[in-house]
file data.cif (mmCIF, C-alpha atoms and all ligand atoms)
data_my_file
loop_
_atom_site.label_atom_id
_atom_site.label_comp_id
_atom_site.auth_asym_id
_atom_site.auth_seq_id
_atom_site.Cartn_x
_atom_site.Cartn_y
_atom_site.Cartn_z
CA MET K 25 88.50 122.17 64.78
CA THR K 26 86.97 118.88 65.86
CA PRO K 27 87.62 117.45 69.34
CA ARG K 28 89.69 114.73 67.68
CA LEU K 29 91.97 117.26 66.02
CA TRP K 30 92.30 119.13 69.31
CA ALA K 31 93.18 115.85 71.01
CA ALA K 32 95.84 115.06 68.42
CA CYS K 33 97.38 118.52 68.93
CA ALA K 34 97.21 118.18 72.73
CA LEU K 35 98.89 114.77 72.52
CA GLY K 36 101.66 116.31 70.43
CA VAL K 37 102.15 119.10 72.97
CA VAL K 38 102.22 116.71 75.96
CA LEU K 39 104.69 114.38 74.20
CA VAL K 40 106.98 117.27 73.26
CA ALA K 41 106.83 118.52 76.88
CA LEU K 42 107.60 114.99 78.12
CA VAL K 43 110.57 114.52 75.81
CA ALA K 44 111.91 118.02 76.49
CA TYR K 45 111.58 117.65 80.28
CA ALA K 46 113.16 114.19 80.31
CA GLY K 47 115.90 115.43 77.99
CA LEU K 48 116.69 118.25 80.39
CA VAL K 49 116.53 116.56 83.79
CA ILE K 50 117.77 112.99 83.15
CA PRO K 51 121.58 112.64 83.27
CA TRP K 52 121.80 110.90 79.87
CA HIS K 53 125.48 111.59 79.43
CA ARG K 54 126.62 109.39 82.33
CA PRO K 55 128.11 106.22 80.82
CA PRO K 56 128.70 103.16 83.02
CA ALA K 57 132.23 102.65 84.33
CA PRO K 58 134.64 100.93 81.88
CA ARG K 59 133.87 97.29 81.13
CA ALA K 60 137.42 96.33 82.13
CA ASP K 61 136.71 97.64 85.66
CA GLN K 62 133.44 95.73 85.69
CA LEU K 63 135.15 92.48 84.77
CA ASP K 64 137.80 93.10 87.44
CA ALA K 65 135.00 93.66 89.95
CA LEU K 66 133.30 90.46 88.82
CA ARG K 67 136.51 88.47 89.35
CA ALA K 68 136.77 89.94 92.86
CA LEU K 69 133.47 88.32 93.86
CA PRO K 70 133.48 84.79 95.34
CA GLY K 71 132.71 82.31 92.54
CA ASP K 72 130.22 80.25 94.53
CA GLN K 73 128.26 83.38 95.41
CA VAL K 74 128.04 84.41 91.74
CA GLN K 75 126.91 80.89 90.80
CA ARG K 76 124.26 80.80 93.50
CA ALA K 77 122.89 84.20 92.40
CA ARG K 78 122.75 83.01 88.78
CA ALA K 79 121.07 79.75 89.74
CA PHE K 80 118.51 81.75 91.73
CA HIS K 81 117.66 83.97 88.76
CA ALA K 82 117.56 81.02 86.39
CA GLU K 83 114.96 79.43 88.67
CA LEU K 84 112.94 82.65 88.89
CA ARG K 85 112.80 83.20 85.13
CA PRO K 86 110.05 80.72 84.22
CA SER K 87 107.68 82.18 86.81
CA SER K 88 108.50 85.79 85.90
CA TYR K 89 108.16 85.36 82.15
CA GLY K 90 105.26 82.95 82.56
CA ALA K 91 103.35 85.59 84.54
CA LEU K 92 104.22 88.21 81.94
CA ALA K 93 103.11 86.07 79.00
CA VAL K 94 99.92 84.75 80.60
CA GLY K 95 98.98 88.18 81.97
CA LEU K 96 99.42 89.73 78.53
CA ALA K 97 97.54 86.93 76.78
CA GLY K 98 94.69 87.23 79.29
CA ALA K 99 94.48 91.02 78.86
CA LEU K 100 94.43 90.67 75.06
CA VAL K 101 91.80 87.93 75.05
CA LEU K 102 89.54 89.95 77.36
CA GLY K 103 90.20 93.25 75.60
CA LEU K 104 90.23 92.24 71.94
CA THR K 105 87.22 89.91 72.05
CA PRO K 106 83.68 90.61 73.35
CA LEU K 107 84.50 88.43 76.40
CA GLY K 108 85.59 91.44 78.49
CA ALA K 109 82.46 93.42 77.60
CA ARG K 110 80.35 90.41 78.61
CA LEU K 111 82.09 90.20 81.99
CA VAL K 112 81.43 93.90 82.59
CA SER K 113 77.76 93.47 81.69
CA LEU K 114 77.60 90.48 84.04
CA ALA K 115 79.02 92.56 86.90
CA GLY K 116 76.42 95.28 86.35
CA ARG K 117 73.38 92.98 85.94
CA PRO K 118 72.47 92.57 89.66
CA PHE K 119 72.40 96.38 89.86
CA GLY K 120 70.05 96.98 86.93
CA ASP K 121 72.94 97.45 84.47
CA HIS K 122 73.81 100.72 86.20
CA TRP K 123 76.95 102.27 84.73
CA ILE K 124 78.59 102.78 88.14
CA ALA K 125 78.29 99.07 88.92
CA GLN K 126 79.62 98.24 85.47
CA ALA K 127 82.56 100.65 85.81
CA VAL K 128 83.65 99.75 89.34
CA LEU K 129 82.61 96.09 89.74
CA GLY K 130 83.32 95.33 86.08
CA GLY K 131 86.79 96.83 86.46
CA LEU K 132 87.47 94.79 89.58
CA LEU K 133 86.20 91.63 87.89
CA ILE K 134 88.48 92.13 84.85
CA VAL K 135 91.52 92.85 87.03
CA LEU K 136 90.69 89.92 89.31
CA ALA K 137 90.52 87.64 86.25
CA GLY K 138 94.06 88.73 85.39
CA GLU K 139 95.23 88.18 88.96
CA VAL K 140 93.75 84.67 89.07
CA LEU K 141 95.50 83.79 85.79
CA THR K 142 98.93 84.86 87.11
CA LEU K 143 98.42 83.61 90.69
CA PRO K 144 100.05 80.19 90.07
CA PHE K 145 103.18 81.97 88.81
CA ALA K 146 103.27 84.24 91.87
CA ALA K 147 102.99 81.15 94.10
CA TRP K 148 105.74 79.41 92.12
CA ARG K 149 107.93 82.48 92.57
CA HIS K 150 107.26 82.41 96.31
CA THR K 151 108.49 78.80 96.57
CA VAL K 152 111.77 79.82 94.87
CA VAL K 153 112.45 82.89 97.03
CA VAL K 154 111.69 80.85 100.17
CA ARG K 155 113.96 78.01 99.07
CA TYR K 156 116.82 80.43 98.51
CA GLY K 157 116.24 81.96 101.92
CA ILE K 158 115.32 85.43 100.65
CA SER K 159 111.69 85.41 101.74
CA THR K 160 110.88 84.70 105.39
CA GLN K 161 107.12 84.63 104.78
CA THR K 162 104.78 81.73 105.47
CA TRP K 163 102.08 81.00 102.90
CA GLY K 164 99.61 82.71 105.23
CA ALA K 165 101.60 85.94 105.45
CA TRP K 166 102.20 85.81 101.69
CA ALA K 167 98.46 85.49 101.04
CA VAL K 168 97.70 88.36 103.43
CA ASP K 169 100.17 90.59 101.52
CA LEU K 170 98.54 89.60 98.25
CA ALA K 171 95.06 90.37 99.57
CA LYS K 172 96.25 93.72 100.93
CA SER K 173 97.78 94.79 97.63
CA TYR K 174 94.63 93.70 95.80
CA ALA K 175 92.53 95.77 98.25
CA VAL K 176 94.75 98.84 97.77
CA GLY K 177 94.60 98.40 93.99
CA ALA K 178 90.82 97.95 94.15
CA VAL K 179 90.32 101.20 96.09
CA ILE K 180 92.64 103.30 93.91
CA GLY K 181 91.56 101.63 90.65
CA GLY K 182 87.87 101.78 91.58
CA LEU K 183 88.07 105.52 92.30
CA ALA K 184 90.04 106.14 89.09
CA LEU K 185 87.47 104.21 87.00
CA LEU K 186 84.58 106.00 88.71
CA GLY K 187 86.21 109.36 87.99
CA PHE K 188 87.00 108.40 84.41
CA TYR K 189 83.48 107.26 83.47
CA THR K 190 81.85 110.16 85.31
CA VAL K 191 83.85 112.60 83.18
CA ALA K 192 83.22 110.53 80.04
CA ARG K 193 79.44 110.77 80.64
CA LEU K 194 79.45 114.46 81.48
CA ALA K 195 81.64 115.49 78.55
CA PRO K 196 81.30 112.84 75.82
CA ARG K 197 83.32 114.84 73.28
CA TRP K 198 85.92 116.41 75.58
CA TRP K 199 86.49 113.77 78.26
CA TRP K 200 90.03 113.25 77.03
CA ALA K 201 90.99 116.79 78.15
CA PHE K 202 89.49 116.45 81.65
CA GLY K 203 90.68 112.84 81.83
CA ALA K 204 94.25 113.79 80.94
CA ALA K 205 94.30 116.54 83.58
CA GLY K 206 92.70 114.18 86.12
CA ALA K 207 95.16 111.37 85.43
CA ALA K 208 98.12 113.74 85.84
CA ALA K 209 96.65 115.09 89.09
CA LEU K 210 96.09 111.53 90.35
CA VAL K 211 99.75 110.63 89.75
CA VAL K 212 100.86 113.70 91.75
CA LEU K 213 98.39 112.97 94.54
CA LEU K 214 99.46 109.32 94.78
CA SER K 215 103.14 110.22 94.92
CA PHE K 216 102.28 112.51 97.82
CA VAL K 217 100.01 110.23 99.83
CA LEU K 218 101.29 106.69 99.10
CA PRO K 219 104.15 106.93 101.63
CA VAL K 220 101.83 108.02 104.43
CA LEU K 221 98.64 106.13 103.54
CA VAL K 222 99.68 102.96 101.72
CA GLU K 223 103.20 102.03 102.84
CA PRO K 224 102.06 101.68 106.51
CA ILE K 225 99.53 99.04 105.40
CA PHE K 226 102.44 96.75 104.56
CA ASN K 227 105.15 97.80 107.01
CA LYS K 228 105.64 99.44 110.35
CA PHE K 229 107.92 102.48 110.28
CA THR K 230 109.71 103.65 113.39
CA PRO K 231 112.17 106.52 113.71
CA MET K 232 115.73 105.21 113.85
CA ALA K 233 116.82 104.82 117.50
CA GLN K 234 118.95 107.58 118.99
CA GLY K 235 122.61 106.65 118.83
CA PRO K 236 125.83 107.24 116.93
CA LEU K 237 124.43 105.95 113.60
CA ARG K 238 121.37 108.20 113.67
CA THR K 239 123.50 111.18 114.68
CA GLU K 240 125.89 110.47 111.83
CA LEU K 241 123.09 110.14 109.27
CA MET K 242 121.43 113.39 110.35
CA SER K 243 124.76 115.26 110.25
CA LEU K 244 125.49 113.73 106.82
CA ALA K 245 122.15 115.14 105.61
CA ALA K 246 122.94 118.53 107.16
CA ARG K 247 126.40 118.54 105.51
CA ASP K 248 124.73 117.69 102.21
CA GLY K 249 122.27 120.56 102.61
CA VAL K 250 119.27 118.22 102.39
CA PRO K 251 116.64 118.84 105.05
CA VAL K 252 115.57 115.44 106.35
CA ARG K 253 112.89 115.32 108.99
CA ASP K 254 113.59 111.78 110.00
CA VAL K 255 115.26 108.53 109.12
CA LEU K 256 112.74 105.71 109.43
CA VAL K 257 113.35 102.01 109.88
CA ALA K 258 110.90 99.62 108.17
CA ASP K 259 110.22 96.19 109.69
CA ALA K 260 111.10 94.51 106.38
CA SER K 261 112.46 91.44 108.22
CA ARG K 262 108.86 90.23 108.65
CA ARG K 263 108.89 89.18 105.01
CA THR K 264 112.43 89.21 103.67
CA ARG K 265 116.12 88.88 104.40
CA ALA K 266 116.91 91.28 101.57
CA VAL K 267 118.41 94.66 102.42
CA ASN K 268 117.30 97.94 100.91
CA ALA K 269 116.73 101.63 101.51
CA TYR K 270 114.72 104.20 99.60
CA VAL K 271 113.44 107.73 99.63
CA SER K 272 109.77 108.39 98.93
CA GLY K 273 107.27 111.23 99.02
CA PHE K 274 108.20 114.88 98.66
CA GLY K 275 107.72 118.07 100.60
CA PRO K 276 106.35 117.28 104.04
CA THR K 277 105.99 113.55 103.27
CA ARG K 278 109.60 113.05 102.16
CA ARG K 279 111.37 110.38 104.15
CA ILE K 280 114.44 108.20 104.00
CA VAL K 281 113.56 104.63 104.84
CA VAL K 282 116.09 101.95 105.79
CA TYR K 283 115.11 98.28 106.06
CA ASP K 284 115.73 96.85 109.53
CA THR K 285 117.58 93.99 107.77
CA MET K 286 120.14 96.57 106.67
CA LEU K 287 120.95 97.40 110.29
CA THR K 288 121.63 93.75 111.15
CA GLU K 289 123.37 92.72 107.90
CA ALA K 290 125.51 95.76 107.04
CA THR K 291 128.16 97.70 108.95
CA PRO K 292 127.28 101.24 110.15
CA ALA K 293 129.70 102.68 107.54
CA GLU K 294 127.82 100.79 104.82
CA VAL K 295 124.49 102.14 106.09
CA VAL K 296 125.97 105.64 105.85
CA SER K 297 127.00 104.89 102.25
CA VAL K 298 123.45 103.77 101.39
CA ALA K 299 121.97 106.84 103.11
CA ALA K 300 124.33 109.05 101.08
CA HIS K 301 122.90 107.49 97.90
CA GLU K 302 119.36 108.21 99.12
CA LEU K 303 120.34 111.80 99.96
CA GLY K 304 121.48 112.09 96.34
CA HIS K 305 117.92 111.26 95.25
CA ALA K 306 116.51 113.81 97.70
CA LYS K 307 118.95 116.53 96.69
CA ARG K 308 118.26 116.16 92.95
CA GLY K 309 114.50 115.94 93.52
CA ASP K 310 114.33 112.51 91.86
CA VAL K 311 110.91 111.74 93.35
CA VAL K 312 109.56 114.99 91.88
CA ILE K 313 111.21 114.21 88.52
CA GLY K 314 109.65 110.75 88.50
CA THR K 315 106.27 112.21 89.45
CA ILE K 316 106.31 114.84 86.69
CA ILE K 317 107.36 112.29 84.07
CA GLY K 318 104.64 109.93 85.36
CA ALA K 319 102.02 112.70 85.26
CA LEU K 320 102.87 113.71 81.68
CA GLY K 321 102.93 110.03 80.66
CA ALA K 322 99.50 109.44 82.22
CA ALA K 323 98.04 112.48 80.46
CA ALA K 324 99.46 111.32 77.12
CA ALA K 325 98.05 107.82 77.71
CA VAL K 326 94.51 109.13 78.30
CA ILE K 327 94.56 111.24 75.12
CA ALA K 328 96.01 108.32 73.14
CA LEU K 329 93.17 106.11 74.45
CA TYR K 330 90.64 108.65 73.19
CA LEU K 331 92.25 108.72 69.75
CA LEU K 332 92.40 104.91 69.61
CA GLY K 333 88.72 104.95 70.53
CA SER K 334 87.94 106.42 67.12
CA LEU K 335 89.18 103.24 65.45
CA GLY K 336 85.94 101.45 64.62
CA TRP K 337 87.54 98.06 64.03
CA LEU K 338 89.16 98.09 67.48
CA LEU K 339 85.82 98.77 69.19
CA ARG K 340 84.14 96.12 67.05
CA LEU K 341 86.72 93.55 68.19
CA ALA K 342 85.80 94.39 71.78
CA GLY K 343 82.10 94.24 70.91
CA THR K 344 81.41 97.83 71.98
CA GLU K 345 80.65 101.21 70.44
CA SER K 346 82.59 103.78 72.38
CA MET K 347 85.64 104.18 74.62
CA ALA K 348 83.45 106.20 76.98
CA GLU K 349 81.20 103.30 78.00
CA PRO K 350 82.22 100.94 80.81
CA ARG K 351 81.75 97.89 78.58
CA THR K 352 84.96 98.94 76.79
CA LEU K 353 86.87 98.63 80.05
CA ALA K 354 88.70 95.42 79.14
CA LEU K 355 89.93 96.94 75.87
CA LEU K 356 91.10 99.98 77.82
CA LEU K 357 93.02 97.79 80.30
CA ALA K 358 94.52 95.72 77.47
CA LEU K 359 95.82 98.89 75.80
CA VAL K 360 97.20 100.13 79.14
CA THR K 361 98.93 96.75 79.64
CA LEU K 362 100.49 96.96 76.16
CA ALA K 363 101.62 100.55 76.77
CA GLY K 364 103.11 99.52 80.14
CA LEU K 365 105.10 96.71 78.50
CA ALA K 366 106.32 98.97 75.70
CA GLY K 367 107.22 101.78 78.10
CA GLY K 368 108.98 99.48 80.61
CA PRO K 369 112.44 99.51 79.00
CA VAL K 370 112.35 103.32 78.67
CA GLN K 371 111.35 103.64 82.33
CA ALA K 372 114.14 101.24 83.31
CA LEU K 373 116.70 103.25 81.32
CA VAL K 374 115.61 106.52 82.97
CA SER K 375 115.77 104.84 86.38
CA ARG K 376 119.28 103.42 85.79
CA ARG K 377 120.57 106.87 84.80
CA ILE K 378 119.07 108.47 87.90
CA GLU K 379 120.43 105.68 90.14
CA ALA K 380 123.93 106.08 88.67
CA ARG K 381 123.78 109.79 89.49
CA ALA K 382 122.75 109.01 93.10
CA ASP K 383 125.72 106.59 93.30
CA ALA K 384 128.07 109.36 92.12
CA HIS K 385 126.54 111.62 94.75
CA ALA K 386 127.17 109.04 97.49
CA LEU K 387 130.81 108.67 96.41
CA ALA K 388 131.35 112.44 96.34
CA LEU K 389 129.54 113.02 99.65
CA THR K 390 131.33 110.30 101.63
CA GLY K 391 134.58 110.31 99.65
CA ASP K 392 134.76 106.64 100.66
CA ALA K 393 134.94 104.44 97.56
CA ALA K 394 136.08 101.37 99.53
CA THR K 395 133.00 101.33 101.76
CA PHE K 396 130.75 102.06 98.77
CA GLU K 397 132.16 99.04 96.95
CA ALA K 398 131.87 96.89 100.07
CA MET K 399 128.26 97.98 100.41
CA GLN K 400 127.49 97.03 96.78
CA ARG K 401 129.03 93.60 97.38
CA ARG K 402 126.89 93.26 100.49
CA LEU K 403 123.70 94.30 98.68
CA GLY K 404 124.51 91.85 95.90
CA SER K 405 125.35 88.91 98.16
CA VAL K 406 122.45 89.31 100.63
CA ASN K 407 119.87 90.02 97.91
CA LEU K 408 121.28 87.34 95.55
CA SER K 409 121.35 89.77 92.63
CA ASP K 410 123.10 88.54 89.49
CA PRO K 411 126.21 90.75 89.65
CA ASP K 412 126.53 90.89 85.85
CA PRO K 413 123.16 89.93 84.33
CA PRO K 414 122.59 89.10 80.64
CA THR K 415 122.63 92.36 78.64
CA TRP K 416 119.13 92.02 77.16
CA GLU K 417 117.59 91.35 80.58
CA HIS K 418 119.46 94.29 82.08
CA VAL K 419 118.35 96.62 79.28
CA ILE K 420 114.69 95.60 79.44
CA PHE K 421 114.11 95.27 83.18
CA ALA K 422 116.90 96.63 85.39
CA SER K 423 115.99 99.69 87.44
CA HIS K 424 119.52 99.97 88.86
CA PRO K 425 123.02 99.63 87.44
CA SER K 426 124.32 96.09 87.97
CA THR K 427 126.49 95.22 90.98
CA VAL K 428 129.66 95.15 88.85
CA GLU K 429 128.74 98.47 87.22
CA ARG K 430 128.35 100.04 90.65
CA MET K 431 131.55 98.48 92.00
CA ALA K 432 133.36 99.67 88.88
CA ALA K 433 131.97 103.19 89.35
CA ALA K 434 133.56 103.20 92.82
CA ARG K 435 136.90 102.05 91.35
CA ALA K 436 136.81 104.75 88.69
CA TYR K 437 135.99 107.33 91.38
CA ALA K 438 138.92 106.12 93.52
CA ARG K 439 141.21 106.66 90.49
CA GLY K 440 140.06 110.24 90.32
CA GLU K 441 137.64 109.86 87.37
CA ARG K 442 134.62 111.96 88.30
ZN ZN K 501 118.50 104.77 94.47
#
call {"tool": "encode", "arguments": {"input": "data.cif", "output": "structure tokens"}}
result
Amino acid sequence: MTPRLWAACALGVVLVALVAYAGLVIPWHRPPAPRADQLDALRALPGDQVQRARAFHAELRPSSYGALAVGLAGALVLGLTPLGARLVSLAGRPFGDHWIAQAVLGGLLIVLAGEVLTLPFAAWRHTVVVRYGISTQTWGAWAVDLAKSYAVGAVIGGLALLGFYTVARLAPRWWWAFGAAGAAALVVLLSFVLPVLVEPIFNKFTPMAQGPLRTELMSLAARDGVPVRDVLVADASRRTRAVNAYVSGFGPTRRIVVYDTMLTEATPAEVVSVAAHELGHAKRGDVVIGTIIGALGAAAAVIALYLLGSLGWLLRLAGTESMAEPRTLALLLALVTLAGLAGGPVQALVSRRIEARADAHALALTGDAATFEAMQRRLGSVNLSDPDPPTWEHVIFASHPSTVERMAAARAYARGER
């Protein structure tokens, strides 16, 4: 068997494993609450609030879709013409065309080109979120955030590219196997270390102050049988008025994080309701599920890249000879961009199902549908989410059920529908 045939078989195995695992662990059967309940919930919301949220999203759309379109066009132009290969060569020239310089600096140059193209849209977006009072950031703080995320991406991306091209040079015929294993391992490693290494670059996390709320949250976790080391408060108010909470990491790095804005905007009972949702994620191991799906997806992507690399016409478009040389970097990033866009709606669907299950967990754990619904209204009104967004937008992008879907789920629960 040739390496290519092995790769095709391996891709088949990884994809079957991915589909089987997702089929088993994702709660596919959970339909949203009845539409009639959703419409009732929508009518219960203040009309001016709904209008303001819709106006906000209408104003955000041009910058969001503009960034998407320009970013994609830029990636395709760089990847499907020799322009990207020329940029990579340019980056390596001061270093005697050394492959490490080409791989790392070339990669950074290509990504930076994409960032520069979409920067005006990000700035436009910032003006809208400031005008609507969601963002509290000055232009300076906004730019610092942008620079920080570029630096984090440069370090992680640079190491990944270095690893990739090292393996590709050492094992020109079998790099896809080592690359697939490496990519999967990287996803697991990142899921483990991002909460402790990267999140603190953007926010300060402090243990929630001793008091009745903290005591109640810890006893809620104990009642739920979920060991939680700590509940942390993030200083999100330095950049936003939006409220949120999340669980990240697993094993010893697992933590429940509550935005400080939540503590000032929501009632303690609502914070408990949000924490109960996060405990649902912890109890079902949703971070682990996401990590395993991500790892299998990354492995499949690397093998698929290898197989695409045998298409002569694709390489000729990019003006290169092999997927294993750094000059093909822009083509590689263009293919990854395309795969990301195509996989987005599937990821969003998986996420919505998992979020709906965490909502059901919160309702069952607290038994308090009224507070859950009040909390969803609060989240929606403070964060200016469109309570009932257009279906196509919801299907393609939404990571969570809509506000009316979540309110309706609480109403169905209160009626005894579990
Ligand atoms: Zn959630």
call {"tool": "closest_atom_pairs", "arguments": {"input": "data.cif", "of": "chain K", "to": "ligand ZN 501 (chain K)", "cutoff": "10 Å", "atoms": "only C-alpha atoms and all ligand atoms", "output": "tab-separated table"}}
result
residue	atom	partner	partner_atom	distance
K:Asn268	CA	K:ZN501	ZN	9.5
K:Ala269	CA	K:ZN501	ZN	7.9
K:Tyr270	CA	K:ZN501	ZN	6.4
K:Val271	CA	K:ZN501	ZN	7.8
K:Val298	CA	K:ZN501	ZN	8.6
K:Ala299	CA	K:ZN501	ZN	9.5
K:Ala300	CA	K:ZN501	ZN	9.8
K:His301	CA	K:ZN501	ZN	6.2
K:Glu302	CA	K:ZN501	ZN	5.8
K:Leu303	CA	K:ZN501	ZN	9.1
K:Gly304	CA	K:ZN501	ZN	8.1
K:His305	CA	K:ZN501	ZN	6.6
K:Ala306	CA	K:ZN501	ZN	9.8
K:Asp310	CA	K:ZN501	ZN	9.2
K:Ser375	CA	K:ZN501	ZN	8.5
K:Arg376	CA	K:ZN501	ZN	8.8
K:Ile378	CA	K:ZN501	ZN	7.6
K:Glu379	CA	K:ZN501	ZN	4.8
K:Ala380	CA	K:ZN501	ZN	8.1
K:Arg381	CA	K:ZN501	ZN	8.8
K:Ala382	CA	K:ZN501	ZN	6.2
K:Asp383	CA	K:ZN501	ZN	7.5
K:Ser423	CA	K:ZN501	ZN	9.0
K:His424	CA	K:ZN501	ZN	7.5
K:Pro425	CA	K:ZN501	ZN	9.8
call {"tool": "closest_residue", "arguments": {"input": "data.cif", "among": "K:Thr105, K:Met232, K:Thr239, K:Thr264", "to": "Trp166 (chain K)", "atoms": "all atoms listed in the file"}}
result
K:Thr264
call {"tool": "closest_residue", "arguments": {"input": "data.cif", "among": "K:Phe396, K:Trp30, K:Tyr189, K:Tyr45", "to": "Gly314 (chain K)", "atoms": "all atoms listed in the file"}}
result
K:Tyr45
call {"tool": "atom_distance", "arguments": {"input": "data.cif", "atom1": "CA of Pro27 (chain K)", "atom2": "CA of Trp337 (chain K)"}}
result
20.1 Å
call {"tool": "closest_residue", "arguments": {"input": "data.cif", "among": "K:Ile134, K:Ala192, K:Leu66, K:Ala44", "to": "Leu353 (chain K)", "atoms": "all atoms listed in the file"}}
result
K:Ile134
call {"tool": "closest_residue", "arguments": {"input": "data.cif", "among": "K:Pro350, K:Gly95, K:Gly318, K:Gly138", "to": "Ala125 (chain K)", "atoms": "all atoms listed in the file"}}
result
K:Pro350
call {"tool": "atom_distance", "arguments": {"input": "data.cif", "atom1": "CA of Leu389 (chain K)", "atom2": "CA of Arg238 (chain K)"}}
result
16.9 Å
call {"tool": "atom_distance", "arguments": {"input": "data.cif", "atom1": "CA of Ala260 (chain K)", "atom2": "CA of Asp284 (chain K)"}}
result
6.1 Å
